[in-house]
Each structure stands twice: as C-alpha cells, then as structure tokens.
Amino acid sequence: MRRRALRALTICALLSIPWHTANSQESAPNPGANNVSSLRASLVTKLGRIVDDKIASLGEGTRVGVAVVDGTSGELLFEKNSQEGFVAASNAKLVTTAAALALLGPDFTFRTELLGENIRPQGNLPGNLYIRGRGNSLFDDADMTRLVRRLKALGVTRIDGQVIVDNSYFDSENLPPHFNEQPTEQAAFRAPIAATSYNFNSFALYVRPALSGVGPTRVEVRPPNNYVNVVNTSSTVKSGRSALRIDTKEEPTRLRIALSGQLRSEVVRRRFRKRVPDPVMFVGSGLLRALADAGIAVRKKTIASGEAPESAIVLATHESPPLATAVRGMGKYSNNFIAELLLKVIGAETKAAGAPATWQHGTSAVHDFLKTAGIAPGTYRYENGSGLFDSNRFTPLQLTSLLTLAHRNPRWGAEFFSSLSIAGVDGTLSRRMEATEAEGLVRAKTGTLDHASALSGLAAIDGRRPVFFSILINGFPETSIGVARALQDEIALELIRALSGR
C-alpha cells in the first residue's frame, strides 16, 4: 500500500489534486485516528517527550514553538509556545503562496510583450522595440527565443531604433525590503526584482578543465549574453586542490567577472549562480542576442529603460504558465525570486490601481488577506515575500490557521498543498524522512536562516483526518541546525504513527 500511496502522491502533485483525497479509497478506517480525544492524549505524551529530549541538546537560549491542529475539527491537539512569535524564515512563503492563489487565482498568467510602431512593408520596424513585462518570474531564454520568433513571423527583419525595457508595471525599487542587510552578497538568492525579468535575474557560470588536462579552464555563461563579461585567468592543474575565485564589478553597461584560481583536471565541472545588479541591461542584452539569432538587425545596439508610448502596438506576446506552476517552484525549492516578484504582482493587481506597484502595495494586500485566516493585524510581522533576512514573525498557531484555511478552500487549496515538498520525495524535503513511515505522507514547507529553522505543513494517512502542524525553532547555534531539523522530522513522523493508531 505504501508504494501505491507514494505513486498517488506523485501523480496528484502533478495534477494539483489534494493527495489525501485521491488516496482515501485505498486506506482502511482507523478507529484510533478518528477519535480526537485519544489522538490528543497520545500526542501530548509522545510529542512532549520528543521536544523535552531534544531541546536540551539544541543549546542555551533556544526557543521551540509547536502547534498541531486536527484538520477535521480544527481542535488543537498539541502545543508548545504556540502563541509566541518566531522568525519563520521561508515559512513566510506559505503566506505569499496563499495570498497569491486567493487574490489572483490559480489560473492567473503573466504577460510579456514586444511593442513598437507598425511594421513597414520592407520588413523594418520604425523607431524602437519595447519589451514590457508583467511580473513573469519564469520568463527565461527559451521564452525570449519564442517571443522573438513571433516577431520574426510577422516579417520583421530590422529594428530602426534601439531596445527599450519597459518596467512601468512596478516602481523603480528593485531590492525587496531587508535585502540590503547583506549588500555585498552576489548569490542568486538575492536577485533584484523587476517587472520585466529574465532567467530569475541571475546567470550560471560553468567552469570546466582544459580538454588536454593542462592550460586555461573552459568557461561558459548561461544564458549566453553580452551583459556578463568574463575575464578568465584560472588554470587546469593535475595536483593540488581546486580553488576558484570569482570577483564581480558592476560597470555602466556590463557586469565584469574576474575568474581566477585553479581547477583539478579530473573535476567534471563547477557551477556558480550569481545575481545580476542591473535587470534592465540583462534582459535587454538577452533580447538583443535573441534578435541576432533570429536574423533581425538592430541599428542601435544600446539598451535603455523607458515606458512604451500609448500609441505603441503590441507586436508579439508571451503568456506564462498559470500561477499554480509558479507557486509550485517557489514552494518546493524555496525560490526567493518568485516569492518577491509575486508579492509585487499582488500589489499591482489589487492595490496599485494602474500606478506602478510598490512593496507597500503588496504587503498591504497580504495583510488584508491574512485577516480572512483570522490572523489579526499587529500580531505578526510580514515585510517581504520570501522570509529572507529579518523580515517576519509568526506564531505556530497562525501558520496552522493558514494551512486550515487553505484546506477548506476548494478554489485554491489543492494548488496550495501541491506547492509543498513531499517528505523523502522531492523539493527541500527530498532527503528528509526518507525510508521512514513519514515518507510520502507529509507535505511541508521548510525554512532556514541563521539561528532559525521552520517546518510547517500537513500529515495524513488518508482523506479523513489530516493534521496540520507548524514547528518553529529559534536561537540555536548554527552548529545545531541538524538537531533542529531532526526534532522537526521526529514530530512529523510521530504524527503519522499516531494517525495510524501506533
């Protein structure tokens, strides 16, 4: 039965169907699991012992908050500091996901357009070519190629002006709140946000040894573009350890990458993901490359930022996959870029009234949404969409309230739970609870920051009695992150055992 259950889980994740509903016909009723009082009594004893055993080994100053709620009755089955506020880290993405699905709808799509004047019979486009985005976090190099091919299909062979990037759907503030707390961090998880974004506003640098085993390393940038300029002085070596260094320098029209150090000859490759500081130059460079690949000449190779005039005609359009697809990538892999872009789209669609959307528009809309989950203003902190840096505080009980709301909402609940990682199967839980009774039966969102770990989600063995939980741990030393996660996993595993009557 476990194999059939896991197969149903995987299929339902793809179809955005609540897995516990699809699997309910396979599971026999369990009298112990259907009795809330006996379930509560079992959990109070067993979970209390688990928390007490682990908390001492987490270190002085550690705080643990736990809430476990019966999904059928809504009753609190177990709690530990459940009404205290904790840094929830990426569990803040649960809030962003729920608000986006509820306010925009699972079928909401994001449009990216090419605009300009009427195409002349000779195939030239008078004036400039504008690219205008509406917050598509998934727009990548393949999408850019498809968009330009649609322009080519109209008979365009030459752009008489230049490429202009229109980001007017959002205001000009590219860094989400609190992202400036690590101003020197160049990793992709801290990518800037723009209405017209491209390839997660980041690039990958692949470094491979020389084919001969000696000499300069081979370097590739993806997606290929003229904005990222690599100066490579690194070499391939047969002895010694691999040690590569990447230094970045922002220039007016490009990002200069200085790659130095050495790479052992037997290494297959090294991969580095970096943010781009200037989304306008990055997407503009990607568009110029796609135009060149399609055989469309551009008279002026410069890239500018500006708003398309009202007289501009939409020449080609790319429609994104539905929102349900975006939140699945955000939830399972904890993608900060998707979360922050979604927050601003929420603001644009609900609060901005046609003006460029701000972070305040987005957070204001989410605060309004949280009231519908019974989460009162002033009792929590939500200041960006990803939970990165010092941006959020929630209680375990508030997060279980959000999970309960999603479970009871037929319009978007299925897509919400499909966005969560499955224990031992995929996403950030692919290696956790593997080969235990919880494998395939727990869906949850992880969260990790310095001194903070979070796990909130759903445990169920059938469709009759799901259990929602939130486990927030703050204040432990960085060396104890493994202990914190082990505590969370033990609690989730005990929930499955209790639901099974063991």
# chains A, B, ... in the order shown; residues from 1 in each chain; ligands from 1
>>> residues_around(residues="Gly457 in chain A", least_positions_apart="4", cutoff="10 Å", atoms="only C-alpha atoms", output="JSON, numbers by chain")
{"A": [68, 91, 94, 399, 400, 402, 403, 404, 417, 420, 421, 422, 442, 443, 444, 445, 446, 467, 468, 469, 470, 471, 492]}
>>> write_last_selection(atoms="N, CA and C atoms", output="PDB file, in the first residue's frame")
ATOM      1  N   VAL A  68      -0.092  21.717  16.645  1.00  0.00           N
ATOM      2  CA  VAL A  68      -0.632  20.614  15.857  1.00  0.00           C
ATOM      3  C   VAL A  68      -2.148  20.697  15.936  1.00  0.00           C
ATOM      4  N   ASN A  91       9.155  29.916   5.826  1.00  0.00           N
ATOM      5  CA  ASN A  91       7.734  29.605   6.034  1.00  0.00           C
ATOM      6  C   ASN A  91       6.864  30.829   5.733  1.00  0.00           C
ATOM      7  N   LEU A  94       4.680  30.475   2.729  1.00  0.00           N
ATOM      8  CA  LEU A  94       3.323  29.933   2.844  1.00  0.00           C
ATOM      9  C   LEU A  94       2.295  31.056   2.771  1.00  0.00           C
ATOM     10  N   LEU A 399       0.308  29.964  11.615  1.00  0.00           N
ATOM     11  CA  LEU A 399       0.613  29.209  10.402  1.00  0.00           C
ATOM     12  C   LEU A 399      -0.317  28.007  10.242  1.00  0.00           C
ATOM     13  N   THR A 400      -0.697  27.353  11.332  1.00  0.00           N
ATOM     14  CA  THR A 400      -1.673  26.254  11.200  1.00  0.00           C
ATOM     15  C   THR A 400      -3.047  26.793  10.828  1.00  0.00           C
ATOM     16  N   LEU A 402      -3.494  29.267   8.773  1.00  0.00           N
ATOM     17  CA  LEU A 402      -3.372  29.469   7.329  1.00  0.00           C
ATOM     18  C   LEU A 402      -3.513  28.146   6.587  1.00  0.00           C
ATOM     19  N   LEU A 403      -2.880  27.092   7.086  1.00  0.00           N
ATOM     20  CA  LEU A 403      -2.987  25.769   6.471  1.00  0.00           C
ATOM     21  C   LEU A 403      -4.426  25.269   6.508  1.00  0.00           C
ATOM     22  N   THR A 404      -5.116  25.504   7.610  1.00  0.00           N
ATOM     23  CA  THR A 404      -6.512  25.086   7.728  1.00  0.00           C
ATOM     24  C   THR A 404      -7.386  25.825   6.733  1.00  0.00           C
ATOM     25  N   PHE A 417      -1.437  23.090  -1.550  1.00  0.00           N
ATOM     26  CA  PHE A 417      -0.772  21.917  -0.991  1.00  0.00           C
ATOM     27  C   PHE A 417       0.120  21.223  -2.011  1.00  0.00           C
ATOM     28  N   LEU A 420       3.855  22.281  -1.834  1.00  0.00           N
ATOM     29  CA  LEU A 420       4.702  21.881  -0.715  1.00  0.00           C
ATOM     30  C   LEU A 420       5.560  20.672  -1.086  1.00  0.00           C
ATOM     31  N   SER A 421       6.730  20.599  -0.494  1.00  0.00           N
ATOM     32  CA  SER A 421       7.607  19.453  -0.708  1.00  0.00           C
ATOM     33  C   SER A 421       7.018  18.211  -0.043  1.00  0.00           C
ATOM     34  N   ILE A 422       7.304  17.044  -0.633  1.00  0.00           N
ATOM     35  CA  ILE A 422       6.830  15.777  -0.094  1.00  0.00           C
ATOM     36  C   ILE A 422       8.002  15.077   0.580  1.00  0.00           C
ATOM     37  N   VAL A 442       3.886  13.191   4.322  1.00  0.00           N
ATOM     38  CA  VAL A 442       3.996  14.533   4.894  1.00  0.00           C
ATOM     39  C   VAL A 442       4.310  15.512   3.775  1.00  0.00           C
ATOM     40  N   ARG A 443       3.559  16.597   3.707  1.00  0.00           N
ATOM     41  CA  ARG A 443       3.843  17.724   2.799  1.00  0.00           C
ATOM     42  C   ARG A 443       4.135  18.928   3.668  1.00  0.00           C
ATOM     43  N   ALA A 444       5.243  19.630   3.383  1.00  0.00           N
ATOM     44  CA  ALA A 444       5.589  20.741   4.262  1.00  0.00           C
ATOM     45  C   ALA A 444       6.497  21.732   3.562  1.00  0.00           C
ATOM     46  N   LYS A 445       6.577  22.919   4.160  1.00  0.00           N
ATOM     47  CA  LYS A 445       7.498  23.975   3.719  1.00  0.00           C
ATOM     48  C   LYS A 445       8.598  24.110   4.755  1.00  0.00           C
ATOM     49  N   THR A 446       9.827  24.042   4.279  1.00  0.00           N
ATOM     50  CA  THR A 446      10.972  24.224   5.154  1.00  0.00           C
ATOM     51  C   THR A 446      11.315  25.703   5.266  1.00  0.00           C
ATOM     52  N   VAL A 467      -3.774  16.255   9.560  1.00  0.00           N
ATOM     53  CA  VAL A 467      -3.308  17.020  10.713  1.00  0.00           C
ATOM     54  C   VAL A 467      -2.361  18.103  10.206  1.00  0.00           C
ATOM     55  N   PHE A 468      -2.566  19.334  10.637  1.00  0.00           N
ATOM     56  CA  PHE A 468      -1.711  20.447  10.252  1.00  0.00           C
ATOM     57  C   PHE A 468      -0.752  20.767  11.391  1.00  0.00           C
ATOM     58  N   PHE A 469       0.474  21.099  11.055  1.00  0.00           N
ATOM     59  CA  PHE A 469       1.468  21.353  12.095  1.00  0.00           C
ATOM     60  C   PHE A 469       2.376  22.496  11.692  1.00  0.00           C
ATOM     61  N   SER A 470       2.935  23.142  12.705  1.00  0.00           N
ATOM     62  CA  SER A 470       3.975  24.160  12.499  1.00  0.00           C
ATOM     63  C   SER A 470       4.984  24.020  13.624  1.00  0.00           C
ATOM     64  N   ILE A 471       6.248  23.883  13.250  1.00  0.00           N
ATOM     65  CA  ILE A 471       7.336  23.702  14.217  1.00  0.00           C
ATOM     66  C   ILE A 471       8.384  24.763  13.933  1.00  0.00           C
ATOM     67  N   ALA A 492       7.021  15.136  12.963  1.00  0.00           N
ATOM     68  CA  ALA A 492       6.221  14.761  11.793  1.00  0.00           C
ATOM     69  C   ALA A 492       6.039  13.250  11.715  1.00  0.00           C
TER      70      ALA A 492
END
>>> select_by_dssp(residues="range 392-448 of chain A", states="helix (DSSP H, G or I)", output="list in words")
Pro396, Leu397, Gln398, Leu399, Thr400, Ser401, Leu402, Leu403, Thr404, Leu405, Ala406, His407, Gly413, Ala414, Glu415, Phe416, Phe417, Ser418, Gly427, Thr428 and Leu429 of chain A
>>> write_last_selection(atoms="N, CA and C atoms", output="tab-separated table (two decimals), in the first residue's frame")
chain	number	residue	atom	x	y	z
A	396	PRO	N	3.29	29.68	15.69
A	396	PRO	CA	2.92	28.40	15.09
A	396	PRO	C	1.41	28.27	14.86
A	397	LEU	N	0.63	28.82	15.78
A	397	LEU	CA	-0.83	28.72	15.64
A	397	LEU	C	-1.33	29.52	14.44
A	398	GLN	N	-0.69	30.65	14.15
A	398	GLN	CA	-1.09	31.43	12.98
A	398	GLN	C	-0.82	30.66	11.69
A	399	LEU	N	0.31	29.96	11.62
A	399	LEU	CA	0.61	29.21	10.40
A	399	LEU	C	-0.32	28.01	10.24
A	400	THR	N	-0.70	27.35	11.33
A	400	THR	CA	-1.67	26.25	11.20
A	400	THR	C	-3.05	26.79	10.83
A	401	SER	N	-3.37	28.01	11.24
A	401	SER	CA	-4.62	28.63	10.81
A	401	SER	C	-4.64	28.85	9.31
A	402	LEU	N	-3.49	29.27	8.77
A	402	LEU	CA	-3.37	29.47	7.33
A	402	LEU	C	-3.51	28.15	6.59
A	403	LEU	N	-2.88	27.09	7.09
A	403	LEU	CA	-2.99	25.77	6.47
A	403	LEU	C	-4.43	25.27	6.51
A	404	THR	N	-5.12	25.50	7.61
A	404	THR	CA	-6.51	25.09	7.73
A	404	THR	C	-7.39	25.82	6.73
A	405	LEU	N	-7.14	27.13	6.58
A	405	LEU	CA	-7.90	27.93	5.61
A	405	LEU	C	-7.72	27.38	4.20
A	406	ALA	N	-6.47	27.05	3.83
A	406	ALA	CA	-6.20	26.52	2.50
A	406	ALA	C	-6.90	25.19	2.30
A	407	HIS	N	-6.89	24.34	3.31
A	407	HIS	CA	-7.51	23.01	3.20
A	407	HIS	C	-9.02	23.11	2.96
A	413	GLY	N	-7.09	25.65	-2.64
A	413	GLY	CA	-6.41	24.80	-1.67
A	413	GLY	C	-5.57	23.70	-2.29
A	414	ALA	N	-6.09	23.07	-3.36
A	414	ALA	CA	-5.35	21.98	-4.00
A	414	ALA	C	-4.00	22.47	-4.52
A	415	GLU	N	-3.98	23.63	-5.17
A	415	GLU	CA	-2.73	24.17	-5.71
A	415	GLU	C	-1.78	24.56	-4.58
A	416	PHE	N	-2.34	25.04	-3.48
A	416	PHE	CA	-1.50	25.41	-2.33
A	416	PHE	C	-0.74	24.19	-1.81
A	417	PHE	N	-1.44	23.09	-1.55
A	417	PHE	CA	-0.77	21.92	-0.99
A	417	PHE	C	0.12	21.22	-2.01
A	418	SER	N	-0.18	21.37	-3.28
A	418	SER	CA	0.70	20.81	-4.31
A	418	SER	C	2.02	21.56	-4.40
A	427	GLY	N	11.73	18.28	-3.74
A	427	GLY	CA	11.96	19.61	-3.19
A	427	GLY	C	12.97	19.60	-2.04
A	428	THR	N	12.77	20.52	-1.11
A	428	THR	CA	13.70	20.65	0.01
A	428	THR	C	13.53	19.56	1.05
A	429	LEU	N	12.54	18.67	0.88
A	429	LEU	CA	12.36	17.53	1.78
A	429	LEU	C	12.77	16.21	1.13
>>> residues_around(residues="Leu291 in chain A", least_positions_apart="4", cutoff="9 Å", atoms="only C-alpha atoms", output="list in words")
Thr145, Val148, Arg149, Lys152, Gly286, Leu287, Gly295, Ile296, Ala297 and Val298 of chain A
>>> write_last_selection(atoms="C-alpha atoms", output="compact mmCIF listing (two decimals), in the first residue's frame")
# COMPACT_ATOMS: atom_id res chain seq x y z
CA THR A 145 13.54 32.98 -28.24
CA VAL A 148 11.31 36.95 -30.92
CA ARG A 149 10.31 34.20 -33.35
CA LYS A 152 10.09 37.35 -37.00
CA GLY A 286 19.08 38.79 -23.81
CA LEU A 287 16.65 40.38 -26.26
CA GLY A 295 18.36 37.33 -38.18
CA ILE A 296 16.75 40.62 -37.13
CA ALA A 297 19.17 43.55 -37.37
CA VAL A 298 19.12 46.35 -34.78
>>> closest_residue(among="A:Leu104, A:Leu151, A:Ala88, A:Ala67", to="His318 in chain A", atoms="only C-alpha atoms")
A:Leu151
>>> closest_atom_pairs(of="range 145-192 of chain A", to="range 334-339 of chain A", cutoff="9 Å", atoms="only C-alpha atoms", output="tab-separated table")
residue	atom	partner	partner_atom	distance
A:Ala188	CA	A:Phe337	CA	8.5
A:Phe189	CA	A:Asn336	CA	6.0
A:Arg190	CA	A:Asn336	CA	7.5
A:Ala191	CA	A:Phe337	CA	6.5
A:Pro192	CA	A:Phe337	CA	7.8
>>> write_last_selection(atoms="N, CA and C atoms", output="PDB file, in the first residue's frame")
ATOM      1  N   ALA A 188      22.610  34.196  -6.216  1.00  0.00           N
ATOM      2  CA  ALA A 188      21.348  34.342  -6.945  1.00  0.00           C
ATOM      3  C   ALA A 188      20.142  34.464  -6.029  1.00  0.00           C
ATOM      4  N   PHE A 189      20.227  33.968  -4.784  1.00  0.00           N
ATOM      5  CA  PHE A 189      19.062  34.038  -3.896  1.00  0.00           C
ATOM      6  C   PHE A 189      18.698  35.477  -3.534  1.00  0.00           C
ATOM      7  N   ARG A 190      19.604  36.409  -3.831  1.00  0.00           N
ATOM      8  CA  ARG A 190      19.356  37.822  -3.522  1.00  0.00           C
ATOM      9  C   ARG A 190      19.191  38.652  -4.807  1.00  0.00           C
ATOM     10  N   ALA A 191      18.625  38.040  -5.830  1.00  0.00           N
ATOM     11  CA  ALA A 191      18.468  38.723  -7.116  1.00  0.00           C
ATOM     12  C   ALA A 191      17.480  39.883  -7.011  1.00  0.00           C
ATOM     13  N   PRO A 192      17.714  40.958  -7.763  1.00  0.00           N
ATOM     14  CA  PRO A 192      16.786  42.089  -7.767  1.00  0.00           C
ATOM     15  C   PRO A 192      15.498  41.753  -8.511  1.00  0.00           C
TER      16      PRO A 192
END
>>> residues_around(residues="range 268-281 of chain A", least_positions_apart="5", cutoff="6 Å", atoms="only C-alpha atoms", output="number ranges by chain")
A: 186-188, 191, 201-208
>>> residues_around(residues="Leu388 in chain A", least_positions_apart="5", cutoff="8 Å", atoms="only C-alpha atoms", output="list of chain:residue names")
A:Ala89, A:Ser90, A:His178, A:Phe179, A:Asn336, A:Leu449
>>> residues_around(residues="Gly240 in chain A", least_positions_apart="4", cutoff="10 Å", atoms="only C-alpha atoms", output="NGL selection string")
:A and (262-264)
>>> write_last_selection(atoms="C-alpha atoms", output="short mmCIF file (atom, residue, chain, number, x, y, z; two decimals), in the first residue's frame")
data_model
loop_
_atom_site.label_atom_id
_atom_site.label_comp_id
_atom_site.auth_asym_id
_atom_site.auth_seq_id
_atom_site.Cartn_x
_atom_site.Cartn_y
_atom_site.Cartn_z
CA GLN A 262 42.77 26.60 -10.35
CA LEU A 263 40.67 23.54 -11.13
CA ARG A 264 41.87 19.94 -10.96
#
>>> closest_residue(among="A:Gly215, A:Gly261, A:Gly378, A:Pro177", to="Gly362 in chain A", atoms="only C-alpha atoms")
A:Pro177
>>> residues_around(residues="Val51 in chain A", least_positions_apart="4", cutoff="9 Å", atoms="only C-alpha atoms", output="list in words")
Lys46, Leu47, Ile55, Ala56, Val64, Lys80, Leu487 and Ile491 of chain A
>>> closest_residue(among="A:Gly475, A:Gly501, A:Gly482, A:Gly306", to="Gly65 in chain A", atoms="only C-alpha atoms")
A:Gly475
>>> atom_distance(atom1="CA of Glu439 in chain A", atom2="CA of Arg328 in chain A")
19.3 Å
>>> select_by_dssp(residues="range 25-101 of chain A", states="strand (DSSP E or B)", output="PyMOL selection string")
chain A and resi 63-70+76-80+86
>>> closest_residue(among="A:Ala92, A:Tyr380, A:Lys371, A:Thr184", to="Met330 in chain A", atoms="only C-alpha atoms")
A:Ala92
>>> closest_residue(among="A:Leu441, A:Lys344, A:Ser57, A:Asn118", to="Arg497 in chain A", atoms="only C-alpha atoms")
A:Leu441
